[in-house]
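Listing of target_17.pdb; format and content: PDB, C-alpha atoms and all ligand atoms.
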ATOM      1  CA  MET V1341      16.414 -23.021  -5.785
ATOM      2  CA  ALA V1342      14.625 -26.251  -6.727
ATOM      3  CA  GLY V1343      13.048 -26.314 -10.186
ATOM      4  CA  GLY V1344       9.366 -26.064  -9.331
ATOM      5  CA  GLU V1345       9.762 -24.015  -6.179
ATOM      6  CA  MET V1346       8.322 -20.543  -6.192
ATOM      7  CA  SER V1347      10.716 -17.644  -5.821
ATOM      8  CA  PRO V1348      10.436 -16.046  -2.390
ATOM      9  CA  ILE V1349      10.049 -12.633  -4.021
ATOM     10  CA  TYR V1350       8.035 -11.367  -7.001
ATOM     11  CA  PRO V1351       9.961 -10.940 -10.266
ATOM     12  CA  TRP V1352       9.630  -7.124 -10.237
ATOM     13  CA  GLN V1353      11.287  -7.042  -6.796
ATOM     14  CA  ARG V1354      14.569  -8.479  -8.010
ATOM     15  CA  VAL V1355      16.221  -5.066  -8.395
ATOM     16  CA  GLN V1356      15.567  -4.152  -4.766
ATOM     17  CA  TRP V1357      16.586  -7.585  -3.537
ATOM     18  CA  GLU V1358      19.892  -7.415  -5.370
ATOM     19  CA  ARG V1359      20.569  -4.003  -3.906
ATOM     20  CA  ILE V1360      20.067  -5.363  -0.397
ATOM     21  CA  GLU V1361      22.228  -8.372  -1.157
ATOM     22  CA  ALA V1362      25.033  -6.163  -2.437
ATOM     23  CA  ALA V1363      24.848  -4.140   0.785
ATOM     24  CA  ARG V1364      24.889  -7.301   2.874
ATOM     25  CA  LYS V1365      27.962  -8.632   1.084
ATOM     26  CA  GLU V1366      29.808  -5.371   1.691
ATOM     27  CA  ASP V1367      28.670  -5.418   5.313
ATOM     28  CA  ARG V1368      26.764  -2.166   5.007
ATOM     29  CA  LEU V1369      23.251  -3.451   5.446
ATOM     30  CA  PRO V1370      21.309  -0.732   7.276
ATOM     31  CA  HIS V1371      19.980  -1.547  10.763
ATOM     32  CA  ALA V1372      16.732   0.229  10.107
ATOM     33  CA  LEU V1373      14.978  -0.065   6.799
ATOM     34  CA  LEU V1374      11.872   1.855   5.769
ATOM     35  CA  LEU V1375      10.201  -0.096   3.034
ATOM     36  CA  THR V1376       7.631   1.825   1.017
ATOM     37  CA  GLY V1377       5.594   1.349  -2.143
ATOM     38  CA  VAL V1378       1.968   1.572  -3.219
ATOM     39  CA  ARG V1379      -0.607  -0.887  -1.947
ATOM     40  CA  GLY V1380      -0.488  -4.124  -3.950
ATOM     41  CA  VAL V1381       3.171  -4.122  -4.918
ATOM     42  CA  GLY V1382       3.978  -7.028  -2.566
ATOM     43  CA  LYS V1383       5.712  -5.296   0.340
ATOM     44  CA  ARG V1384       4.647  -7.934   2.873
ATOM     45  CA  HIS V1385       5.973 -10.723   0.690
ATOM     46  CA  PHE V1386       9.287  -8.959   0.231
ATOM     47  CA  THR V1387       9.795  -8.142   3.905
ATOM     48  CA  GLY V1388       8.924 -11.723   4.863
ATOM     49  CA  ALA V1389      11.624 -13.014   2.522
ATOM     50  CA  LEU V1390      14.057 -10.475   3.905
ATOM     51  CA  ALA V1391      13.391 -11.347   7.551
ATOM     52  CA  ARG V1392      13.629 -15.076   6.826
ATOM     53  CA  ALA V1393      16.909 -14.631   4.954
ATOM     54  CA  HIS V1394      18.412 -12.495   7.701
ATOM     55  CA  LEU V1395      17.728 -15.216  10.261
ATOM     56  CA  CYS V1396      18.637 -18.234   8.110
ATOM     57  CA  ARG V1397      21.875 -20.121   8.790
ATOM     58  CA  TYR V1398      22.500 -21.212   5.207
ATOM     59  CA  ARG V1399      21.433 -18.543   2.746
ATOM     60  CA  ASN V1400      21.748 -19.606  -0.893
ATOM     61  CA  SER V1401      23.862 -17.836  -3.509
ATOM     62  CA  GLU V1402      21.089 -15.338  -4.255
ATOM     63  CA  GLY V1403      20.754 -14.521  -0.585
ATOM     64  CA  PHE V1404      17.408 -16.277  -0.067
ATOM     65  CA  ALA V1405      16.676 -18.361   3.028
ATOM     66  CA  CYS V1406      17.401 -22.092   2.629
ATOM     67  CA  GLY V1407      13.988 -23.165   3.921
ATOM     68  CA  ASP V1408      15.405 -26.222   5.719
ATOM     69  CA  CYS V1409      17.551 -25.115   8.667
ATOM     70  CA  ASP V1410      16.204 -24.965  12.231
ATOM     71  CA  SER V1411      15.918 -21.187  11.942
ATOM     72  CA  CYS V1412      13.849 -21.399   8.734
ATOM     73  CA  LEU V1413      11.604 -24.086  10.251
ATOM     74  CA  GLN V1414      10.985 -21.980  13.356
ATOM     75  CA  TYR V1415      10.212 -18.973  11.203
ATOM     76  CA  GLN V1416       7.701 -20.963   9.162
ATOM     77  CA  ALA V1417       6.088 -22.265  12.353
ATOM     78  CA  GLY V1418       5.785 -18.707  13.649
ATOM     79  CA  THR V1419       7.908 -19.541  16.714
ATOM     80  CA  HIS V1420      11.257 -17.963  15.878
ATOM     81  CA  PRO V1421      12.693 -16.538  19.119
ATOM     82  CA  ASP V1422      14.682 -13.865  17.252
ATOM     83  CA  PHE V1423      11.760 -12.537  15.232
ATOM     84  CA  LEU V1424       9.145 -10.047  16.390
ATOM     85  CA  LEU V1425       6.167  -8.955  14.311
ATOM     86  CA  VAL V1426       4.479  -5.727  15.411
ATOM     87  CA  HIS V1427       0.945  -5.068  14.198
ATOM     88  CA  PRO V1428      -1.911  -2.974  15.588
ATOM     89  CA  GLU V1429      -3.911  -5.126  17.967
ATOM     90  CA  ARG V1430      -6.886  -4.778  15.691
ATOM     91  CA  GLU V1431      -7.258  -3.623  12.091
ATOM     92  CA  GLY V1432      -7.528   0.141  11.955
ATOM     93  CA  ARG V1433      -6.151   0.585  15.502
ATOM     94  CA  ALA V1434      -2.913   2.298  16.509
ATOM     95  CA  ILE V1435       0.475   0.764  17.280
ATOM     96  CA  THR V1436       0.995   2.006  20.835
ATOM     97  CA  VAL V1437       3.921   2.934  23.022
ATOM     98  CA  ASP V1438       3.590  -0.448  24.768
ATOM     99  CA  ASN V1439       4.201  -2.117  21.410
ATOM    100  CA  THR V1440       7.281  -0.052  20.595
ATOM    101  CA  ARG V1441       8.743  -0.454  24.110
ATOM    102  CA  ARG V1442       8.534  -4.177  23.488
ATOM    103  CA  VAL V1443      10.579  -3.657  20.316
ATOM    104  CA  THR V1444      13.330  -1.931  22.298
ATOM    105  CA  GLU V1445      13.367  -4.660  24.954
ATOM    106  CA  PHE V1446      13.346  -7.381  22.334
ATOM    107  CA  LEU V1447      16.317  -5.953  20.456
ATOM    108  CA  THR V1448      18.480  -5.614  23.566
ATOM    109  CA  LEU V1449      18.145  -9.340  24.318
ATOM    110  CA  LYS V1450      20.798 -11.659  22.976
ATOM    111  CA  SER V1451      20.013 -13.493  19.755
ATOM    112  CA  HIS V1452      19.184 -17.194  20.241
ATOM    113  CA  HIS V1453      20.652 -18.352  16.975
ATOM    114  CA  GLY V1454      23.455 -15.819  16.820
ATOM    115  CA  ALA V1455      22.281 -14.313  13.521
ATOM    116  CA  GLY V1456      20.855 -11.182  15.133
ATOM    117  CA  ARG V1457      17.256 -10.232  15.754
ATOM    118  CA  VAL V1458      14.634  -8.982  13.334
ATOM    119  CA  VAL V1459      11.641  -6.758  14.005
ATOM    120  CA  LEU V1460       8.985  -6.183  11.372
ATOM    121  CA  LEU V1461       6.657  -3.266  12.123
ATOM    122  CA  GLU V1462       3.653  -2.837   9.851
ATOM    123  CA  PRO V1463       1.948  -0.562   8.973
ATOM    124  CA  ALA V1464       4.370   2.033  10.284
ATOM    125  CA  GLU V1465       1.836   4.845   9.862
ATOM    126  CA  ALA V1466      -0.296   3.154  12.520
ATOM    127  CA  MET V1467       2.203   4.225  15.221
ATOM    128  CA  ASN V1468       0.716   6.977  17.346
ATOM    129  CA  PRO V1469       3.053   9.916  18.189
ATOM    130  CA  ALA V1470       4.057   8.490  21.591
ATOM    131  CA  ALA V1471       4.902   5.135  20.006
ATOM    132  CA  ALA V1472       6.937   6.778  17.251
ATOM    133  CA  ASN V1473       8.840   8.918  19.735
ATOM    134  CA  SER V1474       9.708   5.982  21.931
ATOM    135  CA  LEU V1475      11.145   4.174  18.906
ATOM    136  CA  LEU V1476      13.479   7.015  17.909
ATOM    137  CA  LYS V1477      16.322   6.121  20.246
ATOM    138  CA  THR V1478      16.267   2.477  19.172
ATOM    139  CA  LEU V1479      16.395   3.590  15.550
ATOM    140  CA  GLU V1480      19.363   5.780  16.299
ATOM    141  CA  GLU V1481      21.485   3.180  18.063
ATOM    142  CA  PRO V1482      20.182  -0.263  17.256
ATOM    143  CA  PRO V1483      22.036  -3.148  18.939
ATOM    144  CA  PRO V1484      24.574  -4.833  16.618
ATOM    145  CA  GLY V1485      23.163  -7.480  14.304
ATOM    146  CA  SER V1486      19.595  -6.275  14.621
ATOM    147  CA  LEU V1487      17.413  -5.452  11.676
ATOM    148  CA  LEU V1488      14.362  -3.277  12.113
ATOM    149  CA  ILE V1489      12.035  -3.151   9.111
ATOM    150  CA  LEU V1490       9.271  -0.538   9.005
ATOM    151  CA  VAL V1491       6.696  -0.948   6.259
ATOM    152  CA  THR V1492       4.305   1.696   4.943
ATOM    153  CA  SER V1493       2.481   2.714   1.790
ATOM    154  CA  VAL V1494       2.202   6.335   3.010
ATOM    155  CA  PRO V1495       5.727   7.404   4.082
ATOM    156  CA  GLY V1496       4.620  11.047   4.133
ATOM    157  CA  SER V1497       2.446  10.349   7.166
ATOM    158  CA  LEU V1498       5.428   9.268   9.308
ATOM    159  CA  LEU V1499       7.338  11.648  11.563
ATOM    160  CA  ALA V1500      10.258  13.192   9.668
ATOM    161  CA  THR V1501      12.504  12.092  12.554
ATOM    162  CA  ILE V1502      11.500   8.459  11.958
ATOM    163  CA  ARG V1503      12.076   8.724   8.214
ATOM    164  CA  SER V1504      15.497  10.318   8.596
ATOM    165  CA  ARG V1505      16.751   7.518  10.877
ATOM    166  CA  CYS V1506      15.894   4.766   8.412
ATOM    167  CA  GLN V1507      17.260   3.888   5.030
ATOM    168  CA  GLN V1508      14.353   4.157   2.621
ATOM    169  CA  MET V1509      13.692   1.643  -0.070
ATOM    170  CA  VAL V1510      10.833   1.973  -2.520
ATOM    171  CA  ILE V1511       9.336  -1.149  -4.056
ATOM    172  CA  THR V1512       8.031  -0.402  -7.540
ATOM    173  CA  ALA V1513       6.989  -2.681 -10.372
ATOM    174  CA  ASP V1514       8.365  -2.387 -13.868
ATOM    175  CA  ARG V1515       5.353  -2.487 -16.214
ATOM    176  CA  GLY V1516       6.820  -4.993 -18.639
ATOM    177  CA  VAL V1517       7.879  -7.406 -15.900
ATOM    178  CA  ALA V1518       4.555  -7.009 -14.103
ATOM    179  CA  GLU V1519       2.505  -7.609 -17.269
ATOM    180  CA  ARG V1520       4.457 -10.753 -18.064
ATOM    181  CA  TRP V1521       3.817 -12.077 -14.565
ATOM    182  CA  LEU V1522       0.106 -11.206 -14.736
ATOM    183  CA  ARG V1523      -0.266 -12.997 -18.081
ATOM    184  CA  GLN V1524       1.112 -16.105 -16.384
ATOM    185  CA  GLN V1525      -1.652 -15.844 -13.758
ATOM    186  CA  ALA V1526      -4.484 -15.577 -16.287
ATOM    187  CA  GLU V1527      -4.556 -15.226 -20.043
ATOM    188  CA  GLY V1528      -6.924 -13.172 -22.131
ATOM    189  CA  GLU V1529      -7.331 -10.306 -19.667
ATOM    190  CA  ASN V1530      -6.632  -6.701 -20.519
ATOM    191  CA  TRP V1531      -3.705  -6.569 -18.091
ATOM    192  CA  GLU V1532      -2.373  -3.344 -19.508
ATOM    193  CA  LEU V1533      -5.547  -1.505 -18.518
ATOM    194  CA  LEU V1534      -5.897  -3.323 -15.201
ATOM    195  CA  LEU V1535      -2.309  -2.547 -14.285
ATOM    196  CA  ARG V1536      -2.753   1.105 -15.157
ATOM    197  CA  LEU V1537      -5.967   1.307 -13.104
ATOM    198  CA  ALA V1538      -4.136  -0.340 -10.224
ATOM    199  CA  GLY V1539      -1.473   2.369 -10.220
ATOM    200  CA  ASP V1540       1.145  -0.118 -11.463
ATOM    201  CA  ALA V1541       0.635  -2.420  -8.479
ATOM    202  CA  PRO V1542       0.493  -5.977  -9.888
ATOM    203  CA  LEU V1543      -1.211  -7.646  -6.910
ATOM    204  CA  ARG V1544      -3.856  -4.957  -6.910
ATOM    205  CA  ALA V1545      -4.367  -5.526 -10.667
ATOM    206  CA  LEU V1546      -4.840  -9.217  -9.946
ATOM    207  CA  GLN V1547      -7.324  -8.417  -7.202
ATOM    208  CA  LEU V1548      -9.297  -6.149  -9.550
ATOM    209  CA  GLN V1549      -9.628  -9.019 -11.995
ATOM    210  CA  GLU V1550     -10.409 -11.741  -9.446
ATOM    211  CA  ASP V1551     -12.853  -9.984  -7.153
ATOM    212  CA  GLY V1552     -15.074  -8.508  -9.848
ATOM    213  CA  LEU V1553     -14.057  -5.065  -8.616
ATOM    214  CA  LEU V1554     -14.239  -3.707 -12.166
ATOM    215  CA  THR V1555     -17.990  -4.364 -12.215
ATOM    216  CA  LYS V1556     -18.315  -2.420  -8.989
ATOM    217  CA  ARG V1557     -16.199   0.339 -10.518
ATOM    218  CA  MET V1558     -18.660   0.697 -13.415
ATOM    219  CA  GLU V1559     -21.627   0.662 -11.034
ATOM    220  CA  LEU V1560     -20.037   3.454  -9.050
ATOM    221  CA  LEU V1561     -19.412   5.500 -12.194
ATOM    222  CA  GLU V1562     -23.054   5.036 -13.186
ATOM    223  CA  ALA V1563     -24.097   6.222  -9.725
ATOM    224  CA  LEU V1564     -21.997   9.373 -10.140
ATOM    225  CA  GLU V1565     -23.658  10.023 -13.503
ATOM    226  CA  ARG V1566     -27.157   9.498 -12.098
ATOM    227  CA  ILE V1567     -26.434  11.924  -9.272
ATOM    228  CA  ALA V1568     -25.046  14.484 -11.707
ATOM    229  CA  HIS V1569     -28.232  14.281 -13.794
ATOM    230  CA  SER V1570     -30.467  14.465 -10.701
ATOM    231  CA  ARG V1571     -31.724  10.963 -11.344
ATOM    232  CA  SER V1572     -30.799   9.669  -7.929
ATOM    233  CA  ASP V1573     -30.278  10.845  -4.407
ATOM    234  CA  PRO V1574     -26.571  11.249  -3.502
ATOM    235  CA  VAL V1575     -26.926   9.639  -0.064
ATOM    236  CA  SER V1576     -28.359   6.451  -1.553
ATOM    237  CA  ALA V1577     -25.138   5.904  -3.518
ATOM    238  CA  VAL V1578     -23.289   4.990  -0.302
ATOM    239  CA  PRO V1579     -23.776   1.342   0.763
ATOM    240  CA  ARG V1580     -25.331   0.862   4.181
ATOM    241  CA  PRO V1581     -23.791  -0.419   6.372
ATOM    242  CA  LEU V1582     -20.450   0.577   4.918
ATOM    243  CA  GLU V1583     -17.464  -1.720   5.434
ATOM    244  CA  GLN V1584     -14.054  -0.096   5.841
ATOM    245  CA  GLU V1585     -12.839  -1.977   2.775
ATOM    246  CA  GLN V1586     -15.770  -0.686   0.668
ATOM    247  CA  ALA V1587     -15.074   2.874   1.754
ATOM    248  CA  ALA V1588     -11.425   2.508   0.734
ATOM    249  CA  GLU V1589     -12.507   1.067  -2.618
ATOM    250  CA  ILE V1590     -14.943   3.922  -3.340
ATOM    251  CA  LEU V1591     -12.354   6.537  -2.406
ATOM    252  CA  PHE V1592      -9.742   4.810  -4.569
ATOM    253  CA  TRP V1593     -11.919   5.100  -7.696
ATOM    254  CA  LEU V1594     -13.096   8.616  -6.898
ATOM    255  CA  ASP V1595      -9.474   9.681  -6.565
ATOM    256  CA  SER V1596      -8.518   8.037  -9.856
ATOM    257  CA  TRP V1597     -11.443   9.554 -11.808
ATOM    258  CA  LEU V1598     -11.076  13.014 -10.321
ATOM    259  CA  MET V1599      -7.391  13.035 -11.177
ATOM    260  CA  ASP V1600      -8.322  12.251 -14.809
ATOM    261  CA  MET V1601     -11.218  14.745 -14.837
ATOM    262  CA  ASN V1602      -8.863  17.489 -13.690
ATOM    263  CA  ARG V1603      -6.419  16.537 -16.439
ATOM    264  CA  LEU V1604      -9.228  16.544 -19.039
ATOM    265  CA  LYS V1605     -10.317  19.950 -17.790
ATOM    266  CA  GLN V1606      -6.873  21.392 -18.405
ATOM    267  CA  VAL V1607      -5.952  19.942 -21.804
ATOM    268  CA  SER V1608      -8.081  18.228 -24.427
ATOM    269  CA  ARG V1609      -5.674  15.313 -24.901
ATOM    270  CA  PRO V1610      -3.874  14.727 -21.618
ATOM    271  CA  PRO V1611      -0.895  12.392 -22.001
ATOM    272  CA  ARG V1612      -1.111  10.514 -18.712
ATOM    273  CA  LEU V1613      -4.781   9.584 -18.553
ATOM    274  CA  VAL V1614      -5.412   6.455 -16.476
ATOM    275  CA  ASN V1615      -9.070   5.571 -17.106
ATOM    276  CA  LEU V1616      -8.845   5.386 -20.901
ATOM    277  CA  ASP V1617     -11.799   2.998 -21.133
ATOM    278  CA  VAL V1618     -14.206   5.639 -19.773
ATOM    279  CA  GLU V1619     -12.494   8.760 -21.072
ATOM    280  CA  ASP V1620     -15.585  10.191 -22.793
ATOM    281  CA  ARG V1621     -17.801   9.686 -19.777
ATOM    282  CA  LEU V1622     -15.288  11.393 -17.503
ATOM    283  CA  ARG V1623     -14.980  14.224 -20.006
ATOM    284  CA  GLN V1624     -18.741  14.753 -19.945
ATOM    285  CA  LEU V1625     -18.814  14.745 -16.150
ATOM    286  CA  ALA V1626     -15.888  17.165 -15.996
ATOM    287  CA  ALA V1627     -17.725  19.496 -18.398
ATOM    288  CA  ARG V1628     -20.489  19.881 -15.792
ATOM    289  CA  CYS V1629     -18.055  21.150 -13.149
ATOM    290  CA  ASP V1630     -16.361  24.433 -12.450
ATOM    291  CA  GLY V1631     -12.599  23.844 -12.802
ATOM    292  CA  ARG V1632     -11.558  25.268  -9.466
ATOM    293  CA  GLN V1633     -14.337  23.527  -7.556
ATOM    294  CA  LEU V1634     -13.474  20.233  -9.225
ATOM    295  CA  PHE V1635      -9.882  20.634  -8.111
ATOM    296  CA  ALA V1636     -10.975  21.426  -4.545
ATOM    297  CA  PHE V1637     -13.302  18.418  -4.527
ATOM    298  CA  HIS V1638     -10.451  16.142  -5.554
ATOM    299  CA  GLU V1639      -8.341  17.479  -2.686
ATOM    300  CA  ARG V1640     -11.207  16.745  -0.323
ATOM    301  CA  VAL V1641     -11.400  13.142  -1.561
ATOM    302  CA  THR V1642      -7.627  12.706  -1.137
ATOM    303  CA  ARG V1643      -7.862  14.015   2.421
ATOM    304  CA  ALA V1644     -10.749  11.674   3.162
ATOM    305  CA  ALA V1645      -8.711   8.701   1.925
ATOM    306  CA  GLY V1646      -5.890   9.677   4.266
ATOM    307  CA  GLN V1647      -8.287   9.756   7.221
ATOM    308  CA  LEU V1648      -9.668   6.251   6.813
ATOM    309  CA  HIS V1649      -7.311   4.860   9.489
ATOM    310  CA  GLN V1650      -8.644   7.278  12.055
ATOM    311  CA  PRO V1651     -11.688   6.473  14.127
ATOM    312  CA  LEU V1652     -14.453   8.417  12.428
ATOM    313  CA  ASN V1653     -17.805   7.842  10.816
ATOM    314  CA  SER V1654     -16.804   6.888   7.286
ATOM    315  CA  GLN V1655     -20.468   6.421   6.338
ATOM    316  CA  LEU V1656     -21.172  10.072   7.085
ATOM    317  CA  MET V1657     -17.929  11.194   5.456
ATOM    318  CA  LEU V1658     -18.803   9.462   2.172
ATOM    319  CA  GLU V1659     -22.400  10.671   2.218
ATOM    320  CA  GLU V1660     -21.135  14.233   2.567
ATOM    321  CA  LEU V1661     -18.769  13.690  -0.349
ATOM    322  CA  PHE V1662     -21.583  12.465  -2.595
ATOM    323  CA  ILE V1663     -23.758  15.432  -1.578
ATOM    324  CA  ALA V1664     -20.852  17.717  -2.488
ATOM    325  CA  TRP V1665     -20.586  15.898  -5.824
ATOM    326  CA  ALA V1666     -24.278  16.591  -6.467
ATOM    327  CA  HIS V1667     -23.764  20.319  -5.780
ATOM    328  CA  LEU V1668     -20.691  20.374  -7.988
ATOM    329  CA  THR V1669     -22.313  18.720 -10.999
ATOM    330  CA  ARG V1670     -25.835  20.110 -10.811
ATOM    331  CA  ALA V1671     -24.878  23.782 -10.536
ATOM    332  CA  HIS V1672     -25.525  24.538 -14.217
ATOM    333  CA  ASP V1673     -28.834  22.698 -14.451
ATOM    334  CA  ASP V1674     -30.987  25.357 -12.773
TER     335      ASP V1674
HETATM  336 ZN    ZN M1701      17.575 -21.565   6.518
END

Any chance you could give the structure as structure tokens?
Amino acid sequence: MAGGEMSPIYPWQRVQWERIEAARKEDRLPHALLLTGVRGVGKRHFTGALARAHLCRYRNSEGFACGDCDSCLQYQAGTHPDFLLVHPEREGRAITVDNTRRVTEFLTLKSHHGAGRVVLLEPAEAMNPAAANSLLKTLEEPPPGSLLILVTSVPGSLLATIRSRCQQMVITADRGVAERWLRQQAEGENWELLLRLAGDAPLRALQLQEDGLLTKRMELLEALERIAHSRSDPVSAVPRPLEQEQAAEILFWLDSWLMDMNRLKQVSRPPRLVNLDVEDRLRQLAARCDGRQLFAFHERVTRAAGQLHQPLNSQLMLEELFIAWAHLTRAHDD
């Protein structure tokens, strides 16, 4: 790789890359790969590098694409005849049986460049049941030389039959490696805290720092406190209109705080607390709640987060959650 050129993968992904390379060298690269990992760990980046390398004519010694051959140039131009990207037609929509039938057709065609064909399907959980079922046979007997990469951050929501036909690979980020990389992006930030809040996902930690999401986090915590003390109306805490991204953000923080509140409810000094910067405030909120109800409320929030991809009224869903929060935290005030 040239001196100043950026590596095609993130430094914490080296372990997984080397594992794939070892498999490739021993000619036991799986035909169907299920790539998982939390949001913000760089799955898209990694799969892009993998697809490019699989199609390249002159991979370098580390197994990365050369960047110069006709295959690499076509890939970069988005016109590679042996590469198919499968996405939902619109954000939040399903991947349909028409999409997956196209995958099957595509893979049976002969490769233009002779290096095989690559399909990247993302997010895999967006496949509806008919789409998933129609893909099963292709996963079972993929044509020689083909590589089918499914990407998801919620592997549990895929059909077990899909999971069992793919080789799973989890992308995780080593904290030390991730912190070093984050310090190179910006100095003087509390990366340790940001990384912990981001669930060890470095790109998410970077996003928290860049988009001022931490300010929004504190505003949301203040809103929860005001509701608990009957100083504001729960429904008014939900932005109107509510963007899908905002809903996901609110549910992310609720989930993180409720997990900590449940831990604080069980032991006075829980070892794996995430939100250390607001520990006392979470402790005070937890003290207002009945333990079992708090646990049930957390489960409800987790379920709600899992339903965000489905067509439903997320405004109403969040308003109901905040009303439930008011009931939970105001019970002892009467
Ligand atoms: Zn190349």

For ligand ZN 1701 (chain M), list the contacting residues at 12 Å or closer, counting only C-alpha atoms and all ligand atoms, as a JSON list (two decimals) with C-alpha atoms, keeping the file's coordinate frame.
[["chain", "number", "residue", "atom", "x", "y", "z"],
["V", 1389, "ALA", "CA", 11.62, -13.01, 2.52],
["V", 1390, "LEU", "CA", 14.06, -10.48, 3.90],
["V", 1391, "ALA", "CA", 13.39, -11.35, 7.55],
["V", 1392, "ARG", "CA", 13.63, -15.08, 6.83],
["V", 1393, "ALA", "CA", 16.91, -14.63, 4.95],
["V", 1394, "HIS", "CA", 18.41, -12.50, 7.70],
["V", 1395, "LEU", "CA", 17.73, -15.22, 10.26],
["V", 1396, "CYS", "CA", 18.64, -18.23, 8.11],
["V", 1397, "ARG", "CA", 21.88, -20.12, 8.79],
["V", 1398, "TYR", "CA", 22.50, -21.21, 5.21],
["V", 1399, "ARG", "CA", 21.43, -18.54, 2.75],
["V", 1400, "ASN", "CA", 21.75, -19.61, -0.89],
["V", 1403, "GLY", "CA", 20.75, -14.52, -0.58],
["V", 1404, "PHE", "CA", 17.41, -16.28, -0.07],
["V", 1405, "ALA", "CA", 16.68, -18.36, 3.03],
["V", 1406, "CYS", "CA", 17.40, -22.09, 2.63],
["V", 1407, "GLY", "CA", 13.99, -23.16, 3.92],
["V", 1408, "ASP", "CA", 15.40, -26.22, 5.72],
["V", 1409, "CYS", "CA", 17.55, -25.12, 8.67],
["V", 1410, "ASP", "CA", 16.20, -24.96, 12.23],
["V", 1411, "SER", "CA", 15.92, -21.19, 11.94],
["V", 1412, "CYS", "CA", 13.85, -21.40, 8.73],
["V", 1413, "LEU", "CA", 11.60, -24.09, 10.25],
["V", 1414, "GLN", "CA", 10.98, -21.98, 13.36],
["V", 1415, "TYR", "CA", 10.21, -18.97, 11.20],
["V", 1416, "GLN", "CA", 7.70, -20.96, 9.16],
["V", 1420, "HIS", "CA", 11.26, -17.96, 15.88],
["V", 1453, "HIS", "CA", 20.65, -18.35, 16.98],
["V", 1455, "ALA", "CA", 22.28, -14.31, 13.52]]

Next item on the list: Identify which of the residues V:Glu1480, V:Arg1520, V:Glu1585, V:Thr1376 lies closest to Leu1498 (chain V), counting all atoms listed in the file when measuring atom-to-atom distances.
Entry: V:Thr1376

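Selection check: the PyMOL selection byres (((chain V and resi 1566) around 12) and not hetatm) on the shown file gives Glu1559, Leu1560, Leu1561, Glu1562, Ala1563, Leu1564, Glu1565, Ile1567, Ala1568, His1569, Ser1570, Arg1571, Ser1572, Asp1573, Pro1574, Ser1576, Ala1577, Leu1625, Phe1662, Trp1665, Ala1666, Thr1669 and Arg1670 of chain V.
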
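For the pair CA of Leu1656 (chain V) and CA of Glu1639 (chain V), the interatomic distance is 17.7 Å.
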
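The space between CA of Trp1531 (chain V) and CA of Gln1584 (chain V) spans 26.9 Å.
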
Check: Got a sec to resolve the PyMOL selection byres (((chain V and resi 1471) around 7) and not hetatm) on this structure and send the residues as a ChimeraX atom specification?
Finding: /V:1435-1437,1440,1467-1470,1472-1475

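If you measure from each of V:Gly1418, V:Val1510, V:Arg1544, V:Arg1623 to Arg1359 (chain V) using only C-alpha atoms, the closest one turns out to be V:Val1510.
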
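A straight line drawn from CA of Arg1536 (chain V) to CA of Arg1643 (chain V) is 22.4 Å long.
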
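Distances here use all atoms listed in the file; by that measure, the residue among V:Glu1481, V:Leu1369, V:Ala1587, V:Leu1447 closest to Asn1653 (chain V) is V:Ala1587.
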
Check: Which one of V:Met1509, V:Ala1541, V:Leu1548, V:Leu1661 sits closest to Val1575 (chain V) if you count only C-alpha atoms?
Finding: V:Leu1661

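Checking V:Thr1512, V:Ser1497, V:Thr1642, V:Gln1549 one by one against Gln1525 (chain V), counting only C-alpha atoms, you find the shortest gap at V:Gln1549.
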
Check: Hey, what's within 12 Å of Thr1478 (chain V) if we count only C-alpha atoms and toss same-chain stuff fewer than 3 positions away? As a VMD selection string, please?
Finding: chain V and resid 1371 to 1372 1440 to 1448 1459 1471 to 1475 1481 to 1484 1486 to 1488 1502 1505 to 1506

Could those selected residues go to a file with C-alpha atoms, as a PDB file, in the frame of the given file?
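Okay, selection_7.pdb is ready:
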ATOM      1  CA  HIS V1371      19.980  -1.547  10.763  1.00  0.00           C
ATOM      2  CA  ALA V1372      16.732   0.229  10.107  1.00  0.00           C
ATOM      3  CA  THR V1440       7.281  -0.052  20.595  1.00  0.00           C
ATOM      4  CA  ARG V1441       8.743  -0.454  24.110  1.00  0.00           C
ATOM      5  CA  ARG V1442       8.534  -4.177  23.488  1.00  0.00           C
ATOM      6  CA  VAL V1443      10.579  -3.657  20.316  1.00  0.00           C
ATOM      7  CA  THR V1444      13.330  -1.931  22.298  1.00  0.00           C
ATOM      8  CA  GLU V1445      13.367  -4.660  24.954  1.00  0.00           C
ATOM      9  CA  PHE V1446      13.346  -7.381  22.334  1.00  0.00           C
ATOM     10  CA  LEU V1447      16.317  -5.953  20.456  1.00  0.00           C
ATOM     11  CA  THR V1448      18.480  -5.614  23.566  1.00  0.00           C
ATOM     12  CA  VAL V1459      11.641  -6.758  14.005  1.00  0.00           C
ATOM     13  CA  ALA V1471       4.902   5.135  20.006  1.00  0.00           C
ATOM     14  CA  ALA V1472       6.937   6.778  17.251  1.00  0.00           C
ATOM     15  CA  ASN V1473       8.840   8.918  19.735  1.00  0.00           C
ATOM     16  CA  SER V1474       9.708   5.982  21.931  1.00  0.00           C
ATOM     17  CA  LEU V1475      11.145   4.174  18.906  1.00  0.00           C
ATOM     18  CA  GLU V1481      21.485   3.180  18.063  1.00  0.00           C
ATOM     19  CA  PRO V1482      20.182  -0.263  17.256  1.00  0.00           C
ATOM     20  CA  PRO V1483      22.036  -3.148  18.939  1.00  0.00           C
ATOM     21  CA  PRO V1484      24.574  -4.833  16.618  1.00  0.00           C
ATOM     22  CA  SER V1486      19.595  -6.275  14.621  1.00  0.00           C
ATOM     23  CA  LEU V1487      17.413  -5.452  11.676  1.00  0.00           C
ATOM     24  CA  LEU V1488      14.362  -3.277  12.113  1.00  0.00           C
ATOM     25  CA  ILE V1502      11.500   8.459  11.958  1.00  0.00           C
ATOM     26  CA  ARG V1505      16.751   7.518  10.877  1.00  0.00           C
ATOM     27  CA  CYS V1506      15.894   4.766   8.412  1.00  0.00           C
TER      28      CYS V1506
END
